[in-house]
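Below is one structure, written out as structure tokens; the observations come after it.
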Amino acid sequence: MAQAVNAGARLDRLPISSFHYRIFWLVGAGMFFDGYDLYVAGGVLASAIQSKFSTAAENLQFISLTFVGMTAGALITGFVGDKFGRRFTYQINLLIFGFASLAAAFSQDMTQLIICRFVQGLGLGAEIVVGYSTITEFVPPKTRGRWSSMMAFIVVAGFPVTSLLGYLVIPNFGWRPMFVIAGIGSLFVWYLRKNLPESPRWLESEGRLKEAESLMQAIEKEASGGKPLPPVVVPAPVAQVAASDLVKPPLLQRLIVGSWVLITINTLIFGFVIFLPQFFLRQGLTITNSLAYTLVLSAGSLVGCALGAYLSDGIGRRPSIIFASIITIVSGYIYARFDAASDPAIVLTVGFILVVAIYIQTAILYGVYTPELFPTEIRLRANGICNFFGRGATVISPFIVGGLIASYKLPGVVWLMIGLVVVQMIVVWAWGVEPRNRGLEEVAKA
């Protein structure tokens, strides 16, 4: 019988080196353009409706079909990534996303743009599932939260970059160049990422022990720099699981936790954050001022991700999620009581705090917590299912938000957010596990 590679234990004892930084930037470059395109809708749709290219109803269809594509992409990628590997799946979704972005830039009417956006959504949903899971499988447990949160920082950097480019480009050149940037950038990253290695953990879980061993030796050589490595601490054997185990305890509870937190954070982002330009337009601001306000608030996304990186390893995942949830509830309640046109200072200050709290959760829930909850052999499938429910909820959330805006204005949207966050706190407290400073194999058997 072939000897076990112990890829997980060997990866976990490695010192941080040029290898980890190379993996981080190869994965992160693609994730950046994923984040860029996630947030491009806010400025593009505000411009499209102002120029009569679209209507309010068509804007809602654009957003909803994006999420339909992302929902399908997340689920399909989960199964493809566990079957054919992280590297293969990562490259395919970049091609889909890149070409669809270029096609979107040349859409002749809103129907064509909506179709292109659906195809883009397939790539967007895939990128998030495989990207975060991949970085999780390479980084040692003591700093895994920090590295994964900083990957979320890279993704979320697309928010202020998109806001800045939207402020500079859209008023002068229209919305089409925003998609050209995404398409060219994604295809360039696809070329660079040919050097991305496969996950040794996945290779071992698939029984491809020779490939896993050869890759591990190359990684250890690069990471050690010729110096002796710490001894391998082999964990107790963990029984392999199948996808069917996701409907049995304890993985069922983890699946519920992962699904609900992604439903919540997706609704916070795509039912509130990307609607900011349109909220401001409804409150009487011009398109230029609306984009400027959004740019100011977008800076809070980077602060939130940086705080998430510190908190996830500093005090743990569960306490950080609950803390940020409380801040979201309090600041959201205050934010809804003021008007951007009449109280700009209060709206920007409280709104900044609210965005920070939302993106602390974004960094931890997307980048750190959900991928850690499941064993390697089903990590992408389970993460894909969680994202399926998270993205699926946002298929209908634009219509819910649109109805709430029409009937109750901004306070109605904020109360929806508060309700979701309260339930999130309960499920994380009751059923969540704490992966801080623990190897993925140890978390899997907890």
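Residues are named by chain letter and number: chains run A, B, ... in the order of the structure tokens, numbers start at 1 in each chain, and ligands are numbered from 1 in the order shown.
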
Residues of segment 64-99 of chain A that approach segment 365-384 of chain A to 9 Å or less, counting only C-alpha atoms: could you list each one with the shortest pair of atoms and its distance in Å to one decimal, rows by chain and increasing residue number, as a Markdown table?
```
| residue | atom | partner | partner_atom | distance |
| --- | --- | --- | --- | --- |
| A:Thr71 | CA | A:Gly384 | CA | 8.7 |
| A:Gly73 | CA | A:Gly384 | CA | 8.5 |
| A:Ala74 | CA | A:Gly384 | CA | 4.9 |
| A:Leu75 | CA | A:Gly384 | CA | 4.6 |
| A:Ile76 | CA | A:Gly384 | CA | 7.5 |
| A:Thr77 | CA | A:Gly384 | CA | 6.7 |
| A:Gly78 | CA | A:Arg381 | CA | 3.9 |
| A:Phe79 | CA | A:Arg381 | CA | 5.1 |
| A:Val80 | CA | A:Arg381 | CA | 8.3 |
| A:Gly81 | CA | A:Leu380 | CA | 6.1 |
| A:Asp82 | CA | A:Leu380 | CA | 5.9 |
| A:Arg86 | CA | A:Leu380 | CA | 8.7 |
```

Run DSSP on the backbone and grab whatever in segment 116-334 of chain A lands in helix (DSSP H, G or I); send it over as a ChimeraX atom specification.
/A:116-138,141-156,158-173,176-195,200-205,209-224,243-247,251-270,273-282,287-314,317-334

Determine, counting only C-alpha atoms, which protein, DNA and RNA residues have an atom within 12 Å of an atom of Val169 of chain A; residues of the same chain fewer than 2 positions away are not included. Present the result as a list of chain:residue names.
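Once the adjacent positions are removed, what remains is A:Val40, A:Gly43, A:Val44, A:Ser47, A:Val161, A:Thr162, A:Ser163, A:Leu164, A:Leu165, A:Gly166, A:Tyr167, A:Pro171, A:Asn172, A:Phe173, A:Gly174, A:Trp175, A:Arg176, A:Pro177, A:Met178, A:Phe179, A:Val180, A:Ile181, A:Thr288, A:Leu291.
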
Measuring atom to atom with only C-alpha atoms, identify which of A:Lys52, A:Leu354, A:Met216, A:Phe106 is nearest to Trp202 of chain A.
A:Met216

Would you kindly return, as a PyMOL selection string, each protein, DNA or RNA residue with an atom no farther than 9 Å from any atom of Ala9 of chain A, considering only C-alpha atoms and excluding same-chain residues fewer than 2 positions away?
chain A and resi 6-7+11-13+232-235+439+441

Can you write just those residues out, C-alpha atoms, as a compact mmCIF listing (two decimals), in the first residue's frame?
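Saved to again-v4.txt:
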```txt
# COMPACT_ATOMS: atom_id res chain seq x y z
CA ASN A 6 0.49 13.89 4.83
CA ALA A 7 0.22 16.97 2.63
CA LEU A 11 1.96 22.40 4.48
CA ASP A 12 0.93 23.53 7.96
CA ARG A 13 4.49 23.38 9.35
CA VAL A 232 5.92 16.91 10.66
CA VAL A 233 3.22 16.49 13.30
CA VAL A 234 0.93 13.89 11.77
CA PRO A 235 -2.66 14.29 12.96
CA GLY A 439 -5.28 22.67 11.01
CA GLU A 441 -7.79 18.24 9.18
```

Gly28 of chain A surroundings by only C-alpha atoms, 9 Å radius, close-in-sequence under 4 positions cut, as JSON, numbers by chain
{"A": [23, 24, 32, 33, 131, 151, 152, 154, 155]}
